[in-house]
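Source file: input.cif (mmCIF, C-alpha atoms and all ligand atoms)
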data_protein
loop_
_atom_site.group_PDB
_atom_site.id
_atom_site.type_symbol
_atom_site.label_atom_id
_atom_site.label_comp_id
_atom_site.auth_asym_id
_atom_site.auth_seq_id
_atom_site.Cartn_x
_atom_site.Cartn_y
_atom_site.Cartn_z
ATOM 1 C CA MET B 1 115.640 96.680 112.740
ATOM 2 C CA ALA B 2 112.082 95.746 111.883
ATOM 3 C CA VAL B 3 110.555 94.899 108.534
ATOM 4 C CA ARG B 4 106.906 95.878 108.131
ATOM 5 C CA LYS B 5 104.972 93.268 106.184
ATOM 6 C CA ASN B 6 101.572 92.809 104.565
ATOM 7 C CA ILE B 7 99.293 91.382 107.290
ATOM 8 C CA LEU B 8 97.524 89.114 104.787
ATOM 9 C CA GLN B 9 100.792 87.534 103.663
ATOM 10 C CA ASP B 10 102.323 86.578 107.014
ATOM 11 C CA ASP B 11 100.422 84.497 109.581
ATOM 12 C CA ALA B 12 103.066 84.901 112.300
ATOM 13 C CA VAL B 13 103.056 88.695 112.179
ATOM 14 C CA ARG B 14 99.250 88.754 112.123
ATOM 15 C CA GLU B 15 99.057 86.597 115.242
ATOM 16 C CA ALA B 16 101.772 88.620 116.978
ATOM 17 C CA PHE B 17 99.932 91.877 116.268
ATOM 18 C CA ILE B 18 96.679 90.511 117.712
ATOM 19 C CA SER B 19 98.447 89.149 120.790
ATOM 20 C CA GLY B 20 100.383 92.380 121.357
ATOM 21 C CA VAL B 21 97.262 94.550 121.059
ATOM 22 C CA LYS B 22 95.473 92.399 123.652
ATOM 23 C CA GLN B 23 98.434 92.729 126.016
ATOM 24 C CA LEU B 24 98.596 96.524 125.643
ATOM 25 C CA LYS B 25 94.824 96.659 126.110
ATOM 26 C CA ALA B 26 95.277 94.957 129.509
ATOM 27 C CA GLU B 27 98.471 96.680 130.654
ATOM 28 C CA PRO B 28 98.125 99.599 133.115
ATOM 29 C CA SER B 29 99.877 102.838 132.160
ATOM 30 C CA PRO B 30 101.191 105.363 134.713
ATOM 31 C CA PHE B 31 98.204 107.632 133.974
ATOM 32 C CA SER B 32 94.733 107.985 135.485
ATOM 33 C CA THR B 33 91.680 109.234 133.576
ATOM 34 C CA THR B 34 91.673 112.288 135.866
ATOM 35 C CA ASP B 35 95.138 113.230 134.583
ATOM 36 C CA PHE B 36 93.388 114.052 131.310
ATOM 37 C CA GLY B 37 90.361 115.762 132.855
ATOM 38 C CA ILE B 38 88.019 112.901 132.017
ATOM 39 C CA ALA B 39 84.835 113.130 134.107
ATOM 40 C CA GLY B 40 83.754 110.429 136.535
ATOM 41 C CA ALA B 41 85.555 108.302 139.104
ATOM 42 C CA PRO B 42 89.276 107.996 138.389
ATOM 43 C CA GLY B 43 90.353 104.902 136.487
ATOM 44 C CA GLN B 44 93.753 103.665 135.454
ATOM 45 C CA VAL B 45 94.395 104.209 131.741
ATOM 46 C CA ARG B 46 95.682 101.129 129.914
ATOM 47 C CA THR B 47 98.637 101.544 127.547
ATOM 48 C CA TYR B 48 96.535 100.938 124.416
ATOM 49 C CA ASP B 49 93.915 103.469 125.512
ATOM 50 C CA LEU B 50 96.615 106.086 126.080
ATOM 51 C CA PHE B 51 97.051 106.159 122.282
ATOM 52 C CA VAL B 52 93.311 106.811 121.916
ATOM 53 C CA ILE B 53 93.468 109.710 124.389
ATOM 54 C CA TRP B 54 96.542 111.197 122.698
ATOM 55 C CA HIS B 55 94.768 111.106 119.315
ATOM 56 C CA ILE B 56 91.628 112.797 120.699
ATOM 57 C CA LEU B 57 93.707 115.512 122.398
ATOM 58 C CA ALA B 58 95.554 116.235 119.141
ATOM 59 C CA MET B 59 92.358 116.253 117.115
ATOM 60 C CA ARG B 60 90.686 118.881 119.255
ATOM 61 C CA THR B 61 93.791 121.115 119.430
ATOM 62 C CA ALA B 62 93.276 123.792 116.785
ATOM 63 C CA VAL B 63 96.317 125.211 114.951
ATOM 64 C CA PRO B 64 96.579 128.133 115.466
ATOM 65 C CA PRO B 65 95.160 128.122 119.017
ATOM 66 C CA GLY B 66 91.644 129.554 119.070
ATOM 67 C CA GLY B 67 91.103 128.535 115.458
ATOM 68 C CA ASP B 68 88.887 125.790 114.084
ATOM 69 C CA PRO B 69 90.193 122.206 114.564
ATOM 70 C CA ASP B 70 88.128 121.265 111.491
ATOM 71 C CA ILE B 71 90.325 123.564 109.412
ATOM 72 C CA ARG B 72 93.645 122.478 110.918
ATOM 73 C CA ASN B 73 94.490 120.621 114.129
ATOM 74 C CA ALA B 74 97.584 119.272 115.843
ATOM 75 C CA ALA B 75 97.541 115.989 113.871
ATOM 76 C CA HIS B 76 95.255 116.395 110.850
ATOM 77 C CA ARG B 77 94.251 118.725 108.019
ATOM 78 C CA GLY B 78 97.771 120.062 107.655
ATOM 79 C CA PRO B 79 101.345 119.063 106.785
ATOM 80 C CA ILE B 80 101.936 117.417 110.179
ATOM 81 C CA PHE B 81 99.390 114.681 109.342
ATOM 82 C CA LEU B 82 101.984 112.234 107.989
ATOM 83 C CA PRO B 83 104.825 112.833 110.525
ATOM 84 C CA TRP B 84 102.405 112.885 113.485
ATOM 85 C CA HIS B 85 100.914 109.502 112.602
ATOM 86 C CA ARG B 86 104.399 108.152 111.840
ATOM 87 C CA VAL B 87 105.410 109.012 115.421
ATOM 88 C CA MET B 88 102.239 107.379 116.745
ATOM 89 C CA LEU B 89 102.865 104.194 114.758
ATOM 90 C CA SER B 90 106.505 104.034 115.855
ATOM 91 C CA LEU B 91 105.474 104.304 119.506
ATOM 92 C CA MET B 92 102.835 101.609 119.030
ATOM 93 C CA GLU B 93 105.416 99.426 117.280
ATOM 94 C CA ALA B 94 107.919 99.951 120.137
ATOM 95 C CA ASN B 95 105.261 99.043 122.732
ATOM 96 C CA LEU B 96 104.288 95.936 120.767
ATOM 97 C CA GLN B 97 107.959 94.945 120.517
ATOM 98 C CA ARG B 98 108.252 95.355 124.286
ATOM 99 C CA VAL B 99 105.256 93.196 125.272
ATOM 100 C CA LEU B 100 105.998 90.629 122.551
ATOM 101 C CA LYS B 101 109.654 90.526 123.660
ATOM 102 C CA ASP B 102 110.640 90.743 120.010
ATOM 103 C CA ALA B 103 112.736 93.745 118.997
ATOM 104 C CA SER B 104 112.430 92.750 115.339
ATOM 105 C CA PHE B 105 108.609 92.853 115.293
ATOM 106 C CA GLY B 106 107.410 95.156 112.517
ATOM 107 C CA LEU B 107 103.932 96.693 112.565
ATOM 108 C CA PRO B 108 102.054 95.060 109.666
ATOM 109 C CA TYR B 109 100.211 97.034 107.007
ATOM 110 C CA TRP B 110 96.875 96.486 105.271
ATOM 111 C CA ASP B 111 97.052 97.101 101.533
ATOM 112 C CA TRP B 112 93.359 97.877 100.962
ATOM 113 C CA THR B 113 93.901 98.222 97.186
ATOM 114 C CA ASP B 114 94.140 94.415 97.006
ATOM 115 C CA ASP B 115 90.663 94.141 98.547
ATOM 116 C CA MET B 116 89.258 96.690 96.098
ATOM 117 C CA GLU B 117 90.747 94.843 93.114
ATOM 118 C CA ARG B 118 88.955 91.666 94.218
ATOM 119 C CA GLY B 119 85.606 93.399 93.943
ATOM 120 C CA ASP B 120 83.799 93.708 97.264
ATOM 121 C CA PRO B 121 86.133 95.258 99.868
ATOM 122 C CA GLY B 122 83.832 94.086 102.670
ATOM 123 C CA VAL B 123 84.712 90.504 101.729
ATOM 124 C CA SER B 124 88.397 90.040 102.485
ATOM 125 C CA ALA B 125 90.645 87.823 104.568
ATOM 126 C CA PHE B 126 91.292 91.039 106.498
ATOM 127 C CA TRP B 127 87.740 90.914 107.912
ATOM 128 C CA GLU B 128 87.777 87.194 108.703
ATOM 129 C CA PRO B 129 87.609 85.993 112.353
ATOM 130 C CA SER B 130 91.277 84.980 112.096
ATOM 131 C CA CYS B 131 92.290 88.602 111.420
ATOM 132 C CA MET B 132 90.269 91.711 112.390
ATOM 133 C CA GLY B 133 86.797 90.145 112.617
ATOM 134 C CA GLY B 134 84.037 91.624 110.520
ATOM 135 C CA SER B 135 81.296 94.210 110.484
ATOM 136 C CA GLY B 136 79.175 94.850 113.538
ATOM 137 C CA THR B 137 75.613 93.716 114.157
ATOM 138 C CA GLY B 138 72.677 94.865 116.271
ATOM 139 C CA PRO B 139 71.488 98.403 116.964
ATOM 140 C CA PHE B 140 75.028 99.747 117.544
ATOM 141 C CA ASP B 141 76.888 97.668 114.937
ATOM 142 C CA THR B 142 78.897 95.910 117.657
ATOM 143 C CA VAL B 143 81.631 93.597 116.392
ATOM 144 C CA SER B 144 81.008 90.087 117.693
ATOM 145 C CA ASP B 145 83.503 87.900 115.857
ATOM 146 C CA GLY B 146 87.284 87.701 115.646
ATOM 147 C CA PRO B 147 89.891 88.602 118.284
ATOM 148 C CA PHE B 148 88.277 91.966 119.078
ATOM 149 C CA GLY B 149 84.666 90.783 119.122
ATOM 150 C CA PHE B 150 82.587 91.669 122.187
ATOM 151 C CA ASP B 151 81.509 88.961 124.599
ATOM 152 C CA GLU B 152 79.625 90.399 127.568
ATOM 153 C CA ALA B 153 80.228 87.258 129.634
ATOM 154 C CA ASP B 154 84.014 87.404 129.201
ATOM 155 C CA PRO B 155 85.712 89.826 131.639
ATOM 156 C CA ASP B 156 88.754 89.965 129.354
ATOM 157 C CA THR B 157 86.742 90.785 126.226
ATOM 158 C CA PHE B 158 87.955 93.614 123.987
ATOM 159 C CA ARG B 159 86.298 96.819 125.198
ATOM 160 C CA VAL B 160 86.194 100.427 124.057
ATOM 161 C CA ARG B 161 86.865 102.431 127.225
ATOM 162 C CA ILE B 162 87.464 106.017 126.056
ATOM 163 C CA THR B 163 85.511 107.876 123.425
ATOM 164 C CA THR B 164 84.151 111.384 122.878
ATOM 165 C CA ASN B 165 80.778 113.072 123.090
ATOM 166 C CA SER B 166 79.460 115.450 120.441
ATOM 167 C CA SER B 167 81.506 118.339 121.922
ATOM 168 C CA LEU B 168 84.717 116.288 121.560
ATOM 169 C CA ASN B 169 84.958 115.934 125.346
ATOM 170 C CA MET B 170 86.441 112.624 126.408
ATOM 171 C CA VAL B 171 84.039 110.238 128.113
ATOM 172 C CA ARG B 172 84.514 106.833 129.708
ATOM 173 C CA THR B 173 82.538 103.894 128.413
ATOM 174 C CA SER B 174 82.661 100.098 128.496
ATOM 175 C CA ARG B 175 81.274 98.583 125.348
ATOM 176 C CA GLY B 176 82.169 96.567 122.279
ATOM 177 C CA LEU B 177 83.965 97.871 119.212
ATOM 178 C CA ARG B 178 81.646 99.155 116.477
ATOM 179 C CA ARG B 179 81.981 98.867 112.712
ATOM 180 C CA ALA B 180 79.626 99.206 109.759
ATOM 181 C CA LEU B 181 81.689 98.070 106.766
ATOM 182 C CA GLY B 182 80.632 99.600 103.462
ATOM 183 C CA VAL B 183 77.583 101.413 104.852
ATOM 184 C CA ASP B 184 78.656 105.071 104.591
ATOM 185 C CA GLU B 185 81.110 104.390 101.741
ATOM 186 C CA GLY B 186 81.034 101.299 99.561
ATOM 187 C CA ARG B 187 84.626 101.383 98.365
ATOM 188 C CA VAL B 188 88.232 101.621 99.500
ATOM 189 C CA PRO B 189 91.000 103.107 97.324
ATOM 190 C CA SER B 190 91.922 101.214 94.167
ATOM 191 C CA LYS B 191 95.310 100.624 92.550
ATOM 192 C CA ALA B 192 94.378 103.395 90.111
ATOM 193 C CA ASP B 193 93.890 105.804 93.040
ATOM 194 C CA VAL B 194 97.371 104.969 94.321
ATOM 195 C CA ASP B 195 98.855 105.246 90.809
ATOM 196 C CA ALA B 196 97.327 108.726 90.548
ATOM 197 C CA LEU B 197 99.003 109.675 93.837
ATOM 198 C CA PHE B 198 102.358 108.809 92.296
ATOM 199 C CA ASP B 199 101.665 110.376 88.900
ATOM 200 C CA VAL B 200 104.453 112.947 88.590
ATOM 201 C CA ARG B 201 103.883 113.931 84.961
ATOM 202 C CA PRO B 202 103.646 117.701 84.498
ATOM 203 C CA PRO B 203 100.143 118.514 85.701
ATOM 204 C CA PRO B 204 97.478 120.130 83.532
ATOM 205 C CA ASP B 205 96.671 123.712 84.524
ATOM 206 C CA GLY B 206 95.111 123.958 87.959
ATOM 207 C CA ASP B 207 96.105 120.473 89.108
ATOM 208 C CA PRO B 208 98.565 119.951 91.951
ATOM 209 C CA ASP B 209 102.152 119.028 91.300
ATOM 210 C CA LEU B 210 102.339 115.818 93.305
ATOM 211 C CA THR B 211 106.127 116.017 93.601
ATOM 212 C CA THR B 212 105.507 118.815 96.134
ATOM 213 C CA TYR B 213 104.684 117.662 99.664
ATOM 214 C CA ASP B 214 102.172 120.369 100.559
ATOM 215 C CA PHE B 215 101.030 123.864 99.646
ATOM 216 C CA PRO B 216 99.615 126.972 101.343
ATOM 217 C CA PRO B 217 97.219 127.478 103.019
ATOM 218 C CA TRP B 218 98.497 124.208 104.636
ATOM 219 C CA ASP B 219 95.063 123.002 105.653
ATOM 220 C CA ALA B 220 92.181 120.743 104.589
ATOM 221 C CA SER B 221 91.753 122.774 101.385
ATOM 222 C CA SER B 222 95.390 122.480 100.227
ATOM 223 C CA ILE B 223 96.343 120.694 97.043
ATOM 224 C CA GLY B 224 99.455 118.506 96.826
ATOM 225 C CA PHE B 225 100.712 115.125 97.948
ATOM 226 C CA ARG B 226 99.886 115.340 101.665
ATOM 227 C CA ASN B 227 96.258 116.287 101.221
ATOM 228 C CA ARG B 228 95.762 113.927 98.283
ATOM 229 C CA LEU B 229 96.883 111.105 100.602
ATOM 230 C CA GLU B 230 95.074 112.441 103.691
ATOM 231 C CA GLY B 231 92.023 112.606 101.479
ATOM 232 C CA PHE B 232 90.326 115.965 101.977
ATOM 233 C CA ASN B 233 91.022 117.435 98.523
ATOM 234 C CA PRO B 234 89.833 115.478 96.715
ATOM 235 C CA PHE B 235 87.999 113.172 99.147
ATOM 236 C CA GLY B 236 89.616 109.752 99.069
ATOM 237 C CA LEU B 237 92.552 107.537 100.128
ATOM 238 C CA HIS B 238 93.112 107.785 103.931
ATOM 239 C CA ASN B 239 89.751 109.387 104.714
ATOM 240 C CA LEU B 240 87.840 107.023 102.441
ATOM 241 C CA VAL B 241 89.063 103.985 104.421
ATOM 242 C CA HIS B 242 87.973 105.490 107.762
ATOM 243 C CA VAL B 243 84.493 106.150 106.357
ATOM 244 C CA PHE B 244 84.302 102.716 104.698
ATOM 245 C CA ILE B 245 84.908 101.006 108.067
ATOM 246 C CA GLY B 246 82.611 103.465 109.825
ATOM 247 C CA ARG B 247 81.352 103.765 113.419
ATOM 248 C CA ASP B 248 84.367 103.856 115.793
ATOM 249 C CA MET B 249 86.721 104.486 112.859
ATOM 250 C CA SER B 250 84.778 107.653 111.976
ATOM 251 C CA LEU B 251 85.358 109.281 115.381
ATOM 252 C CA ALA B 252 88.194 111.254 116.981
ATOM 253 C CA SER B 253 88.707 108.070 119.036
ATOM 254 C CA SER B 254 89.341 106.008 115.866
ATOM 255 C CA PRO B 255 92.511 104.339 117.293
ATOM 256 C CA ASN B 256 90.067 102.262 119.375
ATOM 257 C CA ASP B 257 89.832 99.978 116.332
ATOM 258 C CA PRO B 258 93.065 97.976 115.954
ATOM 259 C CA ALA B 259 92.473 98.184 112.186
ATOM 260 C CA PHE B 260 93.446 101.877 112.575
ATOM 261 C CA TYR B 261 97.126 100.917 112.946
ATOM 262 C CA LEU B 262 97.132 98.557 109.967
ATOM 263 C CA HIS B 263 95.416 101.195 107.826
ATOM 264 C CA HIS B 264 97.771 103.965 108.933
ATOM 265 C CA CYS B 265 100.766 101.697 108.411
ATOM 266 C CA ASN B 266 99.744 101.484 104.759
ATOM 267 C CA VAL B 267 99.358 105.280 104.631
ATOM 268 C CA ASP B 268 102.884 105.582 106.078
ATOM 269 C CA ARG B 269 104.117 103.079 103.483
ATOM 270 C CA LEU B 270 102.720 105.268 100.704
ATOM 271 C CA TRP B 271 104.485 108.306 102.184
ATOM 272 C CA GLU B 272 107.719 106.305 102.431
ATOM 273 C CA GLY B 273 107.326 105.234 98.793
ATOM 274 C CA TRP B 274 106.762 108.854 97.800
ATOM 275 C CA MET B 275 109.892 110.023 99.671
ATOM 276 C CA ASP B 276 111.873 107.182 98.156
ATOM 277 C CA ARG B 277 110.992 108.541 94.713
ATOM 278 C CA ASN B 278 110.844 112.275 95.318
ATOM 279 C CA GLY B 279 113.306 112.878 98.165
ATOM 280 C CA ARG B 280 112.844 113.254 101.924
ATOM 281 C CA ASP B 281 111.490 116.777 101.662
ATOM 282 C CA TYR B 282 108.989 118.302 104.062
ATOM 283 C CA LEU B 283 107.164 121.614 103.929
ATOM 284 C CA PRO B 284 106.774 124.128 105.494
ATOM 285 C CA ASP B 285 110.227 124.812 106.944
ATOM 286 C CA GLN B 286 110.849 126.666 110.202
ATOM 287 C CA SER B 287 110.605 130.105 108.533
ATOM 288 C CA ALA B 288 106.823 129.645 108.125
ATOM 289 C CA PRO B 289 104.704 131.980 110.313
ATOM 290 C CA ALA B 290 103.955 131.143 113.951
ATOM 291 C CA ILE B 291 100.265 130.511 113.165
ATOM 292 C CA LEU B 292 101.541 127.206 111.742
ATOM 293 C CA ARG B 293 103.299 126.253 114.984
ATOM 294 C CA GLY B 294 102.965 122.493 115.310
ATOM 295 C CA HIS B 295 103.204 121.892 111.545
ATOM 296 C CA ARG B 296 106.687 123.234 110.735
ATOM 297 C CA LEU B 297 109.821 121.182 110.089
ATOM 298 C CA ARG B 298 111.285 121.480 113.591
ATOM 299 C CA ASP B 299 108.135 121.885 115.711
ATOM 300 C CA PRO B 300 107.806 119.233 118.452
ATOM 301 C CA ILE B 301 105.267 116.392 118.278
ATOM 302 C CA VAL B 302 104.555 115.812 121.966
ATOM 303 C CA SER B 303 103.184 112.535 123.296
ATOM 304 C CA PRO B 304 102.325 111.026 126.705
ATOM 305 C CA LEU B 305 103.960 107.838 125.385
ATOM 306 C CA GLY B 306 107.519 108.889 124.687
ATOM 307 C CA PRO B 307 109.990 111.680 123.975
ATOM 308 C CA ALA B 308 109.036 114.470 121.582
ATOM 309 C CA ALA B 309 109.896 114.098 117.900
ATOM 310 C CA THR B 310 109.719 116.589 115.018
ATOM 311 C CA PRO B 311 108.930 116.108 111.325
ATOM 312 C CA GLU B 312 112.657 116.478 110.664
ATOM 313 C CA THR B 313 113.607 113.669 113.065
ATOM 314 C CA VAL B 314 111.159 111.181 111.503
ATOM 315 C CA LEU B 315 111.671 111.849 107.783
ATOM 316 C CA ASP B 316 114.147 108.982 107.646
ATOM 317 C CA LEU B 317 113.406 106.100 110.040
ATOM 318 C CA THR B 318 115.014 103.430 107.842
ATOM 319 C CA ALA B 319 117.378 102.607 110.726
ATOM 320 C CA LEU B 320 114.293 101.576 112.766
ATOM 321 C CA TYR B 321 112.073 99.965 110.148
ATOM 322 C CA THR B 322 111.668 99.343 106.440
ATOM 323 C CA TYR B 323 108.778 98.000 104.357
ATOM 324 C CA ASP B 324 108.989 94.661 102.588
ATOM 325 C CA ARG B 325 107.613 96.377 99.482
ATOM 326 C CA LEU B 326 107.182 100.031 98.542
ATOM 327 C CA PRO B 327 104.532 101.259 96.103
HETATM 328 CU CU CU M 1 94.493 110.481 113.000
#

How does this structure look as structure tokens?
Ligand SMILES: [Cu+2]
Amino acid sequence: MAVRKNILQDDAVREAFISGVKQLKAEPSPFSTTDFGIAGAPGQVRTYDLFVIWHILAMRTAVPPGGDPDIRNAAHRGPIFLPWHRVMLSLMEANLQRVLKDASFGLPYWDWTDDMERGDPGVSAFWEPSCMGGSGTGPFDTVSDGPFGFDEADPDTFRVRITTNSSLNMVRTSRGLRRALGVDEGRVPSKADVDALFDVRPPPDGDPDLTTYDFPPWDASSIGFRNRLEGFNPFGLHNLVHVFIGRDMSLASSPNDPAFYLHHCNVDRLWEGWMDRNGRDYLPDQSAPAILRGHRLRDPIVSPLGPAATPETVLDLTALYTYDRLP
């Protein structure tokens, strides 16, 4: 059983995360780039980059098929958003446990509200060279400090290897990680934003009842807890943090930035806190129409990294991990 802790409050877990990411970034997976239809000479996909590919594939899979992935896709803009990323995080955590040889390792979380309360969220121990490194520099905003900074002369330097072009086709690359902290958005969510997410007083007319997980039409326009946390309606929380970090974090290949996992771990913590208060209830159930296939209670979440899960099988993972503190 793992306990997930605040990355800024535990040096050992921070160092283990960094070490584990570097190992997964170097470790070959059983897959080749051609297995995923990626153009160019075949190359072996590393375990870490397999997560990037999986995320891109999900993001460009419209639900329903033939629809618009910007309205609803296999991992975002619909009810599956929270369970899908929970499965992804659990698989990352299991892979980190494996390479770290520590079955009790818990994926750490980044509570960005602490950074916002201190004033300038771009100035935080989180962005120090001892943790994630900071904002990028140069024409492409390439990160040059910290454990994931780019050093052309170092063959083992942290590299982005898979990304997408403007048509969401996967392309191979070999470059440094890119970030532009605070450029497209100057803030991250505040404690007040999180308090509002948990405000279960009877809503004024027209406002969502945040004790309900999600509502029709189950997409990026829906009101309710899921979309408030995902951050499409209104814009904020999860989405705001991606845009605040910018560059690689704004793309379908956003798991290229290790900060992705620490951010999403905090999103998962908020969902866990919500279920702890409001019950482990998910919507829609299996009676919802087939156009929602992929977002219903017992629809499979399929991954190249492990066995399929469903929302129902991940609603309660307290036997696998807990958080040191719930909101
Ligand atoms: Cu995502």

List all protein, DNA and RNA residues that have at least one atom no more than 8 Å from any atom of ligand CU 1 (chain M), counting all atoms listed in the file, and write them as a CSV table (one decimal) with C-alpha atoms, keeping the file's coordinate frame.
chain,number,residue,atom,x,y,z
B,55,HIS,CA,94.8,111.1,119.3
B,59,MET,CA,92.4,116.3,117.1
B,75,ALA,CA,97.5,116.0,113.9
B,76,HIS,CA,95.3,116.4,110.8
B,81,PHE,CA,99.4,114.7,109.3
B,85,HIS,CA,100.9,109.5,112.6
B,252,ALA,CA,88.2,111.3,117.0
B,254,SER,CA,89.3,106.0,115.9
B,255,PRO,CA,92.5,104.3,117.3

List every protein, DNA or RNA residue with an atom no more than 8 Å from (102.4, 99.8, 105.6) in the file's coordinates, counting all atoms listed in the file, and format the result as a PyMOL selection string.
-> chain B and resi 4-6+107-111+262-270+323

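Counting all atoms listed in the file, the residue from B:Glu117, B:Asp276, B:Glu27, B:Asp154 that sits nearest to Asn95 (chain B) is B:Glu27.
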
Closest of B:Leu229, B:Leu237, B:Met132, B:Ile301 to Val314 (chain B) - atom-to-atom distances counting all atoms listed in the file = B:Ile301

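The set of residues that the PyMOL selection byres (((chain B and resi 80) around 10) and not hetatm) takes from this file is Arg72, Asn73, Ala74, Ala75, His76, Arg77, Gly78, Pro79, Phe81, Leu82, Pro83, Trp84, His85, Arg86, Trp218, Asp219, Arg226, Tyr282, Leu283, Pro284, Leu292, Gly294, His295, Arg296, Leu297, Asp299, Ile301, Thr310 and Pro311 of chain B.
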
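Between CA of Gly122 (chain B) and CA of Val194 (chain B) lies a distance of 19.3 Å.
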
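Minimum atom-to-atom distances from B:Glu230, B:Asp10, B:Glu93, B:Asp248 to Gly176 (chain B) were compared using all atoms listed in the file, and the lowest value belongs to B:Asp248.
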
From the set B:Gly133, B:Pro304, B:Pro147, B:Pro121, which residue has the shortest atom-to-atom contact distance to Phe244 (chain B), counting all atoms listed in the file?
-> B:Pro121
